[in-house]
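Shown next, in structure tokens, is the structure this report addresses.
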Amino acid sequence: EAGVAQSPRYKIIEKRQSVAFWCNPISGHATLYWYQQILGQGPKLLIQFQNNGVVDDSQLPKDRFSAERLKGVDSTLKIQPAKLEDSAVYLCASSLGVSGGTDTQYFGPGTRLTVL
Amino acid sequence: QKEVEQNSGPLSVPEGAIASLNCTYSDRGSQSFFWYRQYSGKSPELIMSIYSNGDKEDGRFTAQLNKASQYVSLLIRDSQPSDSATYLCALRPNSNYQLIWGAGTKLIIKP
């Protein structure tokens, strides 16, 4: 079974530029998550999709970050314009989306973003 | 405030010994608990999940959950250098809530 795919793996941009990340979840997984992980910290949830609808985007800086999952499968996360503090690893995860507390998230390899 | 606390480490353990990683949490109603391992420069990978009080064993790994005392532990028996990584504790406060993550404990297994 193929895992969560992400691209690109690495990206270096200058501040105020824009960048986009792509994620393809495990086949059949209804729920997709975008996380930001800063070195030495746990993952911070940016946005959670259930199929093509947004479940939680309370921690997404909406003035500069946007995300979509138009057909309920793959997803893109965009930053425009980027700031220095956006330098982090952006992780995509997916899960079946079952209720009852046992839903398990599986992570992609991540995209390491450096903003200069 | 829902919080998950982990000692950041590093925790240094000799090869072959038992490594004990601990996680405490503030939300008494939390239902589901997960341990993820994260190698440097890699993404988190699931090691174990536990939902009921007591112990759950999987190979060299044992998760222990004590909801009354609000802690969950991960024991690694016969520690190997390949176990050196950061171990992240995560929990789900209720069935429909997002995961709450700790900052992780860095484990170093010394040959």
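As shown in the structure tokens, the chain order sets the letters A, B, ...; within each chain, residues go from 1, and ligands are also counted from 1 in the order they appear.
In plain terms, chain A touches chain B through Gln41, Gly42, Gly100, Gly101 and Pro109 of chain A, where touching means an atom at most 6 Å away, counting only C-alpha atoms.
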Only N, CA and C atoms, please: the residues just picked out, written as a PDB file, in the first residue's frame.
ATOM      1  N   GLN A  41       9.883  21.083  18.294  1.00  0.00           N
ATOM      2  CA  GLN A  41       8.490  21.160  18.724  1.00  0.00           C
ATOM      3  C   GLN A  41       7.689  20.028  18.117  1.00  0.00           C
ATOM      4  N   GLY A  42       6.540  19.767  18.707  1.00  0.00           N
ATOM      5  CA  GLY A  42       5.620  18.805  18.119  1.00  0.00           C
ATOM      6  C   GLY A  42       4.903  19.423  16.931  1.00  0.00           C
ATOM      7  N   GLY A 100     -14.955   7.550  16.884  1.00  0.00           N
ATOM      8  CA  GLY A 100     -14.760   6.667  18.024  1.00  0.00           C
ATOM      9  C   GLY A 100     -13.401   6.772  18.671  1.00  0.00           C
ATOM     10  N   GLY A 101     -12.538   7.665  18.175  1.00  0.00           N
ATOM     11  CA  GLY A 101     -11.273   7.910  18.851  1.00  0.00           C
ATOM     12  C   GLY A 101     -10.111   7.080  18.364  1.00  0.00           C
ATOM     13  N   PRO A 109       6.469  12.273   3.928  1.00  0.00           N
ATOM     14  CA  PRO A 109       7.869  12.577   4.252  1.00  0.00           C
ATOM     15  C   PRO A 109       8.103  14.025   4.637  1.00  0.00           C
TER      16      PRO A 109
END
So that I can check the secondary structure, give me every residue of chain A assigned strand (DSSP E or B) by backbone DSSP, as an NGL selection string.
:A and (5-7 or 10-13 or 19-24 or 31-37 or 44-50 or 53-56 or 65-68 or 75-79 or 88-95 or 106-107 or 111-115)
Go ahead and save the residues from that selection, with C-alpha atoms, as a compact mmCIF listing (two decimals), in the first residue's frame.
# COMPACT_ATOMS: atom_id res chain seq x y z
CA ALA A 5 3.11 11.40 -0.93
CA GLN A 6 4.36 14.98 -0.69
CA SER A 7 6.27 17.29 -2.97
CA TYR A 10 12.82 20.80 0.01
CA LYS A 11 12.17 24.41 -0.91
CA ILE A 12 14.20 27.56 -0.41
CA ILE A 13 12.57 30.92 -1.11
CA VAL A 19 5.27 28.73 -2.33
CA ALA A 20 2.94 25.77 -2.75
CA PHE A 21 3.08 22.25 -1.37
CA TRP A 22 1.26 19.20 -2.67
CA CYS A 23 0.00 16.13 -0.84
CA ASN A 24 -1.60 12.89 -2.01
CA THR A 31 -9.28 12.84 6.32
CA LEU A 32 -6.25 14.90 5.39
CA TYR A 33 -4.17 17.08 7.70
CA TRP A 34 -1.55 19.74 7.15
CA TYR A 35 0.87 20.31 10.01
CA GLN A 36 3.70 22.76 10.60
CA GLN A 37 6.62 21.44 12.63
CA LYS A 44 1.05 22.01 14.95
CA LEU A 45 -2.18 21.40 13.06
CA LEU A 46 -2.83 24.01 10.37
CA ILE A 47 -5.90 22.56 8.71
CA GLN A 48 -7.94 19.36 8.67
CA PHE A 49 -10.12 18.23 5.77
CA GLN A 50 -12.82 15.57 5.82
CA GLY A 53 -14.70 19.99 3.47
CA VAL A 54 -12.74 21.88 6.14
CA VAL A 55 -13.14 20.46 9.66
CA ASP A 56 -10.69 22.70 11.51
CA PHE A 65 -1.86 30.61 4.19
CA SER A 66 -4.49 28.86 2.10
CA ALA A 67 -5.30 25.22 1.44
CA GLU A 68 -7.68 23.32 -0.74
CA SER A 75 -4.45 18.77 -1.50
CA THR A 76 -2.32 21.87 -1.86
CA LEU A 77 -1.10 24.26 0.82
CA LYS A 78 0.02 27.72 -0.25
CA ILE A 79 1.89 30.48 1.53
CA ALA A 88 9.65 24.82 9.12
CA VAL A 89 8.77 21.34 7.96
CA TYR A 90 5.28 21.04 6.51
CA LEU A 91 3.82 17.63 7.11
CA CYS A 92 0.83 16.11 5.45
CA ALA A 93 -0.98 13.23 7.14
CA SER A 94 -4.06 11.19 6.34
CA SER A 95 -6.42 8.89 8.15
CA TYR A 106 -0.07 8.40 8.85
CA PHE A 107 2.46 10.97 7.75
CA THR A 111 8.54 19.43 2.92
CA ARG A 112 11.36 21.38 4.51
CA LEU A 113 10.84 25.08 3.78
CA THR A 114 13.58 27.63 4.30
CA VAL A 115 12.67 31.31 3.98
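Residue nearest B:Ser84 within the list B:Asn53, B:Ser26, B:Ser12, B:Gln64: B:Ser12 [criterion: smallest interatomic distance, only C-alpha atoms].
Nearest residue to B:Asp78 among B:Ser20, B:Glu3, B:Trp35, B:Pro10 is B:Ser20, counting only C-alpha atoms.
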